[in-house]
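Chemist: What follows is a single structure, and I will ask about it in a moment.
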Protein chains: 2
Amino acid sequence: MALLRTRHQDAVDVIAGWIVGGRFAADTALPTEDMIGIQLGVSRTVVREAMRTLVAKGMVTVRRRHGTQVQPVDSWSLFDPQVVAWRLASGLTREFIEDLIHFRLGIEPYAAGLAAANPDFPAEALDLSFRRMATAVEGDGSYHEADLDFHKTIFLGSGNQFLRQLVPLMANALKVSFSLSVISMDTARSSLPMHRDVADAIIGRDPAAARAALTKLIEAAREDILEVLPQITREERVDGEGERLPLARP
Amino acid sequence: MALLRTRHQDAVDVIAGWIVGGRFAADTALPTEDMIGIQLGVSRTVVREAMRTLVAKGMVTVRRRHGTQVQPVDSWSLFDPQVVAWRLASGLTREFIEDLIHFRLGIEPYAAGLAAANPDFPAEALDLSFRRMATAVEGDGSYHEADLDFHKTIFLGSGNQFLRQLVPLMANALKVSFSLSVISMDTARSSLPMHRDVADAIIGRDPAAARAALTKLIEAAREDILEVLPQITREERVDGEGERLPLARP
DNA sequence: CATGCCATTAATCATACGTATGATGTTTGA
DNA sequence: TCAAACATCATACGTATGATTAATGGCATG
């Protein structure tokens, strides 16, 4: 069951890369389908099917005679894992990371509350993830993976389809945190008790406590993240608009 | 700038209708591209491009020799306005409405908090929406529209791209509430002061108060919604015979 | 100012061939 | 003998090509 890279997928990736990379700004036109086909060395069939994919994700619109118009970021499917992947691959902007982190801060405590209220919540899975985190801190196993599973379990166990859908996005938020080296073994060790509190509250079916514990956990981590942010993010491209000011507390 | 109904769009709508309507369950195969083309009266080109759209939204996967496989709901792009529209059009399930309402309850207070902390928040727009709600209660203007704008302004003014993206979903959540006749002129009138509190908190740049006010506002409404829910939602589709809609040829 | 022609570019069709891939059948070697 | 390795086949998607149709904005024309 090997994965086959089709020309279609390649074309989508290339064109999406053009767009997220700012090679074509919002509200400007891409080359005609014929031209793109020639450039990529594929038939117009492939280009058109690639465009349908990008249209479906809100990244472009296609109109007769007008050709293909790039859409502003706000109309993209920002929760789409592929879109997120393209954006991450094209480089981290400060705004993107801030929005991602803040969104997670906003939604995860609530997810924990729902999880605590969900009679079908898989308590064993959460407890297992925690124990894996604990052993990982002692040097055995991947902390990153265990941590991800811990938070994943909360979203998946919330019993809410929209929250479940956020798992890929949250996974990326965590990945970003790790990639920024924000989470060292020291911070991991010190956050262990807070994770324990979260797990206990959820397993103990106490929504309010779960929300509080998770809020506390995240509050502890957010400072570190937003602190190192200005240093590693690239500048915004094209039309140099003013960068937003840092947001205050949630 | 007129909207042209292309065969592609028609095909996407029809096939999506099959899927959300339960005519083809998850993990089952759709007919071959050739067959669908014959059935809809379009060429295989159109069917294939329709499939690329559905693949992009996570509703199906396509593999050589295996054909097109319907995916479970959890892998759909649930935040995609089109997907939401298809689901609403196919009938309201209780789970869908509950998840939608609960998701809104979880995220909107947080959005209000961010809005209050955003120095660029358009205070005038929010105030205007509120005044339109007030006059609508007195019989002048559309309450529905003003209410929608009020909540929209909060999300758009949060300064967070992910929250902005939720506007269509929230609009549908509100639309559902209205369609269930949960919001009468009486409830509207009584919720006016709470809306005022929310606006004041945001305009006054007080995130904590904004969160609290919006939480209170929503708490007041949720009971009504979840109360009438069991009566109006349809049962899960048992699958009668297919009422398929062949597309017309030119 | 209204109107009809025109160039542009996507939309669609019909057809043909390429090619992973699971299923089936066949050979081989211990 | 039997199982593992290998060869063959049918299937449905993947891609290409060329022709035709049809919106649509712009421009020349009245």
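Chain labels run A, B, ... following the order of the structure tokens; each chain numbers its residues from 1, and ligands are numbered from 1 in the order shown.
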Quick one: residues within 8 Å of A:Ala11, only C-alpha atoms (C1' of nucleotides), excluding same-chain residues fewer than 5 positions away - as a list of chain:residue names?

Modeler: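 Using only C-alpha atoms (C1' of nucleotides), the neighbours found are A:Leu40, A:Val46, A:Val47, A:Ala50.
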
Chemist: Given a cut-off of 6 Å, which residues of chain B touch chain A, counting only C-alpha atoms, written out as a PDB file with C-alpha atoms, in the first residue's frame?

Modeler:
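What landed in iface18.pdb:
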ATOM      1  CA  GLU B  49     -13.015  17.401 -11.109  1.00  0.00           C
ATOM      2  CA  ARG B  52     -11.062  16.417  -6.557  1.00  0.00           C
ATOM      3  CA  THR B  53     -13.286  18.928  -4.812  1.00  0.00           C
ATOM      4  CA  ALA B  56     -10.059  18.277  -0.884  1.00  0.00           C
ATOM      5  CA  ASP B  99     -22.015  19.877  18.936  1.00  0.00           C
ATOM      6  CA  GLY B 106     -16.909  27.266  24.163  1.00  0.00           C
ATOM      7  CA  TYR B 110     -12.912  33.644  24.472  1.00  0.00           C
ATOM      8  CA  GLY B 113     -12.023  38.397  25.503  1.00  0.00           C
ATOM      9  CA  LEU B 114      -9.599  38.758  22.611  1.00  0.00           C
ATOM     10  CA  ALA B 117      -7.938  43.187  24.261  1.00  0.00           C
ATOM     11  CA  ASN B 160      -7.319  36.127  15.358  1.00  0.00           C
TER      12      ASN B 160
END

Chemist: Pull the strand (DSSP E) assignments for stretch 1-248 of chain B out of DSSP run on the backbone, and list those residues as a compact mmCIF listing (two decimals) with N, CA and C atoms, in the first residue's frame.

Modeler:
# COMPACT_ATOMS: atom_id res chain seq x y z
N VAL B 60 -14.23 12.11 0.55
CA VAL B 60 -13.95 10.85 -0.12
C VAL B 60 -12.44 10.70 -0.32
N THR B 61 -12.02 9.47 -0.57
CA THR B 61 -10.67 9.23 -1.03
C THR B 61 -10.76 8.46 -2.33
N VAL B 62 -9.77 8.65 -3.17
CA VAL B 62 -9.77 7.97 -4.47
C VAL B 62 -8.48 7.18 -4.61
N ARG B 63 -8.64 5.90 -4.94
CA ARG B 63 -7.46 5.05 -5.17
C ARG B 63 -7.64 4.26 -6.45
N GLY B 67 -11.45 2.65 -6.73
CA GLY B 67 -12.51 3.62 -6.92
C GLY B 67 -12.57 4.64 -5.82
N THR B 68 -13.76 5.16 -5.59
CA THR B 68 -13.93 6.27 -4.66
C THR B 68 -14.57 5.79 -3.38
N GLN B 69 -13.88 6.02 -2.27
CA GLN B 69 -14.35 5.56 -0.97
C GLN B 69 -14.91 6.72 -0.15
N VAL B 70 -16.09 6.55 0.39
CA VAL B 70 -16.66 7.58 1.25
C VAL B 70 -15.94 7.57 2.59

Chemist: Over all C-alpha atoms, paired in order, superpose chain B onto chain A by least squares and report how large the RMSD is in Å.

Modeler: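 For chain A versus chain B, the C-alpha RMSD is 7.6 Å.
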
Chemist: Find the residues in chain D near chain B: any atom within 8 Å counts, using only C-alpha atoms (C1' of nucleotides). Write them as a list of chain:residue names.

Modeler: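 Applying the cut-off to the listed atoms yields D:DT11, D:DA12, D:DC13.
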
Chemist: Could you tell me how far atom C1' of C:DA7 sits from atom C1' of D:DT17, in Å to one decimal place?

Modeler: 23.5 Å

Chemist: Write out as an NGL selection string all residues of stretch 14-247 of chain A that backbone DSSP assigns to alpha helix (DSSP H).

Modeler: :A and (14-20 or 33-40 or 44-56 or 81-89 or 94-117 or 123-137 or 143-156 or 161-164 or 167-179 or 185-203 or 207-232)

Chemist: Name all residues at most 10 Å from C:DC5 (count only C-alpha atoms (C1' of nucleotides); drop same-chain ones fewer than 5 positions away) and give them as a list in words.

Modeler: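 The neighbour list is DC27, DA28 and DT29 of chain D.
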
Chemist: Restricting the output to N, CA and C atoms (P, O5', C5', C4', C3', O3' and C1' of nucleotides), write the selected residues as a short mmCIF file (atom, residue, chain, number, x, y, z; two decimals), in the first residue's frame.

Modeler:
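Output saved as result-v6.cif:
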data_model
loop_
_atom_site.label_atom_id
_atom_site.label_comp_id
_atom_site.auth_asym_id
_atom_site.auth_seq_id
_atom_site.Cartn_x
_atom_site.Cartn_y
_atom_site.Cartn_z
P DC D 27 -10.07 48.40 -24.08
"O5'" DC D 27 -10.53 48.47 -25.60
"C5'" DC D 27 -10.41 47.32 -26.44
"C4'" DC D 27 -11.23 47.51 -27.68
"C3'" DC D 27 -11.32 48.96 -28.17
"O3'" DC D 27 -11.17 49.00 -29.57
"C1'" DC D 27 -13.48 48.09 -27.88
P DA D 28 -10.71 50.34 -30.28
"O5'" DA D 28 -11.60 50.29 -31.60
"C5'" DA D 28 -11.75 49.06 -32.29
"C4'" DA D 28 -13.14 49.00 -32.89
"C3'" DA D 28 -13.53 50.23 -33.72
"O3'" DA D 28 -14.11 49.80 -34.94
"C1'" DA D 28 -15.16 49.84 -32.03
P DT D 29 -14.43 50.87 -36.09
"O5'" DT D 29 -16.00 50.95 -35.96
"C5'" DT D 29 -16.77 49.75 -35.83
"C4'" DT D 29 -18.21 50.11 -35.50
"C3'" DT D 29 -18.74 51.35 -36.24
"O3'" DT D 29 -19.90 51.00 -36.97
"C1'" DT D 29 -19.29 51.44 -33.94
#

Chemist: Under the rule of at most 7 Å, produce a per-residue listing of chain C near chain B: chain, number, name, the closest pair of atoms, and the distance in Å, as CSV, using only C-alpha atoms (C1' of nucleotides).

Modeler:
residue,atom,partner,partner_atom,distance
C:DC13,C1',B:Ser43,CA,6.3
C:DA20,C1',B:Arg64,CA,6.5
C:DT21,C1',B:Arg65,CA,6.5

Chemist: Could you tell me how far atom CA of B:Ile101 lies from atom CA of B:Ile225, in Å and to one decimal?

Modeler: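 Distance between the two atoms: 8.5 Å.
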
Chemist: So that I can see what lies close to C:DG18, please list as a PyMOL selection string the residues with an atom at most 10 Å from it, counting only C-alpha atoms (C1' of nucleotides) and leaving out residues fewer than 2 positions away in the same chain.

Modeler: (chain C and resi 16) or (chain D and resi 14-16)

Chemist: Go ahead and dump the residues you just picked, C-alpha atoms (C1' of nucleotides), as a short mmCIF file (atom, residue, chain, number, x, y, z; two decimals), in the first residue's frame.

Modeler:
data_model
loop_
_atom_site.label_atom_id
_atom_site.label_comp_id
_atom_site.auth_asym_id
_atom_site.auth_seq_id
_atom_site.Cartn_x
_atom_site.Cartn_y
_atom_site.Cartn_z
"C1'" DA C 16 -7.16 6.93 -26.27
"C1'" DG D 14 -4.30 8.85 -14.04
"C1'" DT D 15 -2.90 11.56 -17.86
"C1'" DA D 16 -2.80 13.41 -22.41
#

Chemist: How many Å lie between atom CA of B:Asp149 and atom CA of B:Ser129, rounded to one decimal?

Modeler: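 Between atom CA of B:Asp149 and atom CA of B:Ser129 the gap is 6.1 Å.
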
Chemist: Write out as a VMD selection string the residues lying within 9 Å of stretch 193-199 of chain A, counting only C-alpha atoms (C1' of nucleotides) and excluding same-chain residues fewer than 2 positions away.

Modeler: chain A and resid 112 123 126 to 127 130 150 189 to 191 201 to 204 209 to 214 216 to 217
